[in-house]
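Student: The structure's right below; bear with me while I get my questions together.
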Amino acid sequence: FGTNAVIFLEAVVSTQSTGKHAEGVGFLVGCLLEHGGEMAEMVGELRAVVEKTGSSLPSLSRATLPVVYKVVSERLVKEVRENGEDVTVLADYVAHFATLISFLKLINSRPMLRTALSLGQRFLDAFLAKSLPILSGMMKEQWMDVQIILKKLQTPTRYLHHVTGYSKQMRDIALTAKVPPLKKTLEHFVLKVKAMLAAHGCTAAFWLGNLKQRNLKGEEILSQQAPQEEEEEVGDGASDISELSVDTEDEEGEQEEEADEMNPDAESYSDSMSIGY
């Protein structure tokens with residue numbers, strides 16, 4: 001069945017961006033992923049559409065992208081829920097998640113924004129339930145692998161913070177309704193990672209700070225007075241994900257001034273570990 005889906009995806013081309021056509025393509029993509037299709041290959045096909053480099057599947061286009069993006073996102077969440085305890089594929093899942101979220105920097109699509117808000121919440125919830133306990137057990141023997149996975153999650157989780165801010169500004173009910181659950185999950189994620197590091201004597205690797213306000217392209221918003229006032233109304237800064245960041249050297253360069261550095265005398269592997277959100 002997966003082979004037949006590929007055949008149709010390679011053959012079905014339409015110049016019309018009708019909803020039924022997009023739904024049909026989404027259905028075929030779902031069948032392909034359900035019957036042996038590689039998630040990495042499909043994410044690569046979506047990247048080709050987003051970056052306009054040309055997908056090998058002609059049925060994938062900017063017109064069908066929002067529907068296919070949702071199908072692939074839902075499949076990724078399903079795989080993490082089912083196989084999130086398998087460390088051999090966990091890094092790949094995290095990489096796919098980061099790639100899917102990064103598409104928002106290049107595509108201004110409200111349907112994709114809605115999907116990304118849902119994807120962020122459900123993926124991280126599944127990661128916390130299935131994967132984080134496994135990573136905790138790996139800390140002493142494979143702490144470098146744990147660090148790599150957590151750092152890969154750092155960029156998409158930070159970017160999702162910017163997405164929540166943008167969604168509020170859009171005043172789109174369909175978007176804003178998804179913001180509180182995602183912000184709660186992001187905060188829960190940060191606190192869970194912090195607790196895991198503390199349990200293994202790695203609190204020196206974690207500090208609290210402020211994230212800059214950025215738009216969907218990652219560009220800093222110079223005037224931050226309004227967002228800051230809004231955050232103050234929420235309550236204690238430590239309970240708001242916008243107030244949590246990490247000491248890291250990732251390419252985004254979004255870390256802000258340090259607010260609370262803990263346990264500078266942490267031993268062994270914690271000395272070279274730098275994790276946080």
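Labeling convention for the structure tokens: chains A, B, ... as they appear, residues from 1 per chain, ligands from 1 in order of appearance.
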Please provide as a list of chain:residue names all residues within 9 Å of region 113-122 of chain A, with the sequence filter that same-chain residues fewer than 5 positions apart are discarded (counting only C-alpha atoms).
Tutor: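 Using only C-alpha atoms, the neighbours found are A:Pro66, A:Tyr69, A:Lys70, A:Ser73, A:Glu74, A:Leu76, A:Val77, A:Phe97, A:Leu100, A:Ile101, A:Leu104, A:Asn108, A:Phe127, A:Pro156, A:Thr157, A:Leu160, A:Val163, A:Thr164, A:Ser167, A:Ala174, A:Leu175, A:Lys178, A:Val179, A:Pro181, A:Leu182, A:Lys183, A:Lys184, A:Thr185, A:Leu186.
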Student: At a cut-off of 8 Å, using only C-alpha atoms, what residues contact region 34-50 of chain A? Leave out same-chain residues fewer than 4 positions from it and give the result as a ChimeraX atom specification.
Tutor: /A:1-2,30,54-57,60-62,65,69,72,76,92,96,99-100,103,106-107
Student: From the options A:Met138, A:Cys31, A:Leu132, A:Val94, which residue's atoms come nearest to Glu79 (chain A), counting only C-alpha atoms?
Tutor: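 Among A:Met138, A:Cys31, A:Leu132, A:Val94, it is A:Val94 that comes nearest to Glu79 (chain A).
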Student: What is the CA of Lys152 (chain A) to CA of Gln169 (chain A) distance in Å?
Tutor: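 Interatomic distance, CA of Lys152 (chain A) to CA of Gln169 (chain A): 27.6 Å.
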Student: Work out how far apart CA of Leu153 (chain A) and CA of Thr64 (chain A) are and give it in Å to one decimal.
Tutor: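 Separation between CA of Leu153 (chain A) and CA of Thr64 (chain A): 27.3 Å.
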Student: Compile the contact shell of Pro133 (chain A) as a list in words: residues with an atom at most 12 Å away, counting only C-alpha atoms, same-chain residues fewer than 3 positions apart removed.
Tutor: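 What passes the distance filter is Gly84, Glu85, Asp86, Val87, Ala126, Phe127, Leu128, Ala129, Lys130, Ser136, Gly137, Met138, Met139, Val146, Lys192, Val193, Ala195, Met196, Leu197 and Ala199 of chain A.
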Student: If you measure from CA of Arg75 (chain A) to CA of Gln142 (chain A), what distance in Å do you get, rounded to one decimal?
Tutor: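 A separation of 28.2 Å between them.
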Student: Please, which residues of region 59-188 of chain A, numbered as in this document, come out alpha helix (DSSP H) from DSSP, as a PyMOL selection string?
Tutor: chain A and resi 65-83+87-102+110-126+132-170+173-176+179-188
Student: Nearest to Arg171 (chain A) among A:Ala91, A:Arg110, A:Val29, A:Ser59, with distances taken over only C-alpha atoms: which residue is it?
Tutor: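 Residue with the minimum atom-to-atom distance to Arg171 (chain A): A:Arg110.
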